[in-house]
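Okay, structure first, notes after.
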Amino acid sequence: MAITDDLQLVFTQYCNTYKEIFQDFKPWIGTKRTINEANQVHHFLEAYKAIFPGIITWMELPIHDRKEPDCKENVTDSISKSKAYTARIDGFILSQVQKRIIFIEAKRFSRENKVESLKEDAIRIKRILDKIFNEDEGKLKSLDLDQYEVATLFLADAWDKKPEIVNHLDKHLKELEVEGLTRIDKSEPCSIGEGYHLMYRLMEYSPKPCKK
């Protein structure tokens with residue numbers, strides 16, 4: 001099956017998990033109804049494993065990145081002035097059967113600047129993947145990424161009490177598009193109940209740069 005079909009199956013399972021939980025359990029305090037985004041990653045990984053057993057999943061995957069300098073005089077200076085650090089990817093899926101790798105980032109769309117924050121995550125993942133293919137010869141954690149389909153999944157949630165977000169979900173999700181990450185899904189947000197909505201955007205990293 002294509003990754004788009006697989007992810008739609010998983011997303012349905014993921015949404016059903018939340019619906020079942022909300023029947024008996026309200027994991028928030030008072031009217032604020034805050035749910036940490038780590039739950040999005042956890043439940044999505046569990047839903048994926050339920051449908052496609054035998055995969056490897058990880059949360060908070062450490063990976064090398066460079067923080068870009070504020071001012072770029074030229075490419076050489078940019079690289080020399082950039083600061084290396086350890087980034088953390090919210091979630092990670094490795095399927096040897098499907099020959100597929102999925103990086104996951106999640107956000108609560110609690111206010112509009114969170115949409116921009118998730119786009120910054122998209123830019124960061126694109127930068128990290130560029131580094132892996134251009135500088136590390138496509139190697140990540142002993143894996144040769146040239147042997148895998150590589151995609152990035154962006155998860156988000158929103159509440160009805162934020163109409164400026166809920167009423168413009170298509171617009172906000174479109175803002176996640178980054179050059180070099182190609183949108184390949186046709187997903188629609190799902191309503192869980194209690195005025196809560198889950199959504200995702202699936203993007204493929206392509207084309208992969210040729211190895212040096």
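All residue names refer to the structure tokens as shown: chains lettered A, B, ... in order, residues numbered from 1 in each chain, ligands numbered from 1 in order.
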What lies within 12 Å of Asn39 (chain A) using only C-alpha atoms, ignoring chain neighbours under 4 positions off, as a list in words?
Tyr14, Thr17, Tyr18, Ile21, Pro27, Thr34, Ile35, His43, Phe44, Leu45, Glu46, Ala47, Met59, Asp90, Gly91, Glu105, Ala106, Lys107, Arg108, Leu155, Ala156, Asp157 and Leu198 of chain A
DSSP on the backbone, helix (DSSP H, G or I) only: what residues of region 13-212 of chain A does that give? Format it as a PyMOL selection string.
chain A and resi 13-24+38-51+75-81+112-134+145-147+163-166+169-174
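Between CA of Arg66 (chain A) and CA of Ala84 (chain A) there is a distance of 4.3 Å.
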What lies within 12 Å of Thr12 (chain A) using only C-alpha atoms, ignoring chain neighbours under 5 positions off, as a VMD selection string?
chain A and resid 5 to 7 17 to 19 43 to 44 47 to 48 50 to 51 187 to 192 198 to 200
For the residues in that selection, give me N, CA, C and O atoms as a short mmCIF file (atom, residue, chain, number, x, y, z; two decimals), in the first residue's frame.
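Saved as part_35.cif:
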```cif
data_model
loop_
_atom_site.label_atom_id
_atom_site.label_comp_id
_atom_site.auth_asym_id
_atom_site.auth_seq_id
_atom_site.Cartn_x
_atom_site.Cartn_y
_atom_site.Cartn_z
N ASP A 5 -2.17 5.83 1.94
CA ASP A 5 -3.23 4.91 2.37
C ASP A 5 -2.93 4.37 3.77
O ASP A 5 -3.83 4.27 4.61
N ASP A 6 -1.67 4.01 4.00
CA ASP A 6 -1.27 3.49 5.31
C ASP A 6 -1.53 4.52 6.41
O ASP A 6 -2.06 4.19 7.48
N LEU A 7 -1.15 5.76 6.14
CA LEU A 7 -1.30 6.79 7.16
C LEU A 7 -2.76 7.12 7.43
O LEU A 7 -3.12 7.45 8.56
N THR A 17 -8.84 5.96 19.09
CA THR A 17 -8.25 5.81 20.42
C THR A 17 -8.65 6.98 21.31
O THR A 17 -9.05 6.79 22.47
N TYR A 18 -8.56 8.19 20.78
CA TYR A 18 -8.96 9.37 21.56
C TYR A 18 -10.45 9.34 21.90
O TYR A 18 -10.85 9.69 23.01
N LYS A 19 -11.27 8.92 20.94
CA LYS A 19 -12.71 8.86 21.19
C LYS A 19 -13.03 7.89 22.31
O LYS A 19 -13.88 8.17 23.18
N HIS A 43 0.23 8.28 21.10
CA HIS A 43 -0.93 7.55 20.60
C HIS A 43 -0.81 7.26 19.10
O HIS A 43 -1.31 6.23 18.63
N PHE A 44 -0.14 8.14 18.35
CA PHE A 44 0.03 7.85 16.93
C PHE A 44 0.98 6.68 16.73
O PHE A 44 0.73 5.79 15.90
N ALA A 47 -0.89 3.56 17.50
CA ALA A 47 -1.84 3.23 16.44
C ALA A 47 -1.12 2.63 15.24
O ALA A 47 -1.60 1.67 14.62
N TYR A 48 0.05 3.15 14.93
CA TYR A 48 0.82 2.62 13.80
C TYR A 48 1.25 1.17 14.09
O TYR A 48 1.14 0.29 13.23
N ALA A 50 -0.21 -0.91 16.04
CA ALA A 50 -1.37 -1.80 16.08
C ALA A 50 -1.73 -2.30 14.68
O ALA A 50 -2.17 -3.44 14.52
N ILE A 51 -1.51 -1.47 13.68
CA ILE A 51 -1.86 -1.84 12.31
C ILE A 51 -0.68 -2.50 11.58
O ILE A 51 -0.85 -3.42 10.79
N SER A 187 -5.43 14.46 3.77
CA SER A 187 -6.11 14.21 5.04
C SER A 187 -7.10 15.31 5.39
O SER A 187 -6.99 16.45 4.97
N GLU A 188 -8.09 14.94 6.16
CA GLU A 188 -9.06 15.87 6.72
C GLU A 188 -8.99 15.76 8.24
O GLU A 188 -8.86 14.66 8.78
N PRO A 189 -9.10 16.89 8.96
CA PRO A 189 -9.11 16.82 10.44
C PRO A 189 -10.29 15.97 10.91
O PRO A 189 -11.32 15.88 10.25
N CYS A 190 -10.13 15.32 12.06
CA CYS A 190 -11.25 14.56 12.63
C CYS A 190 -11.67 15.19 13.95
O CYS A 190 -10.84 15.68 14.71
N SER A 191 -12.96 15.20 14.19
CA SER A 191 -13.52 15.73 15.42
C SER A 191 -13.70 14.59 16.41
O SER A 191 -14.36 13.59 16.10
N ILE A 192 -13.13 14.75 17.59
CA ILE A 192 -13.13 13.69 18.59
C ILE A 192 -14.34 13.78 19.50
O ILE A 192 -14.83 12.80 20.03
N LEU A 198 -8.27 16.63 15.84
CA LEU A 198 -6.93 16.14 15.53
C LEU A 198 -6.70 16.23 14.03
O LEU A 198 -7.63 16.07 13.23
N MET A 199 -5.45 16.49 13.65
CA MET A 199 -5.14 16.62 12.23
C MET A 199 -3.69 16.22 11.98
O MET A 199 -2.90 16.13 12.92
N TYR A 200 -3.37 16.02 10.71
CA TYR A 200 -1.98 15.77 10.37
C TYR A 200 -1.69 16.28 8.97
O TYR A 200 -2.59 16.50 8.16
#
```
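The space separating CA of Arg33 (chain A) from CA of Pro163 (chain A) comes to 15.2 Å.
The closest residue to Pro53 (chain A), picked from A:Leu129, A:Ala122, A:Ile104, A:Val10 and counting only C-alpha atoms, is A:Val10.
Ranking A:Phe154, A:Tyr85, A:Tyr205, A:Phe25 by their shortest atom-to-atom distance to Ile63 (chain A), with only C-alpha atoms included, puts A:Tyr85 first.
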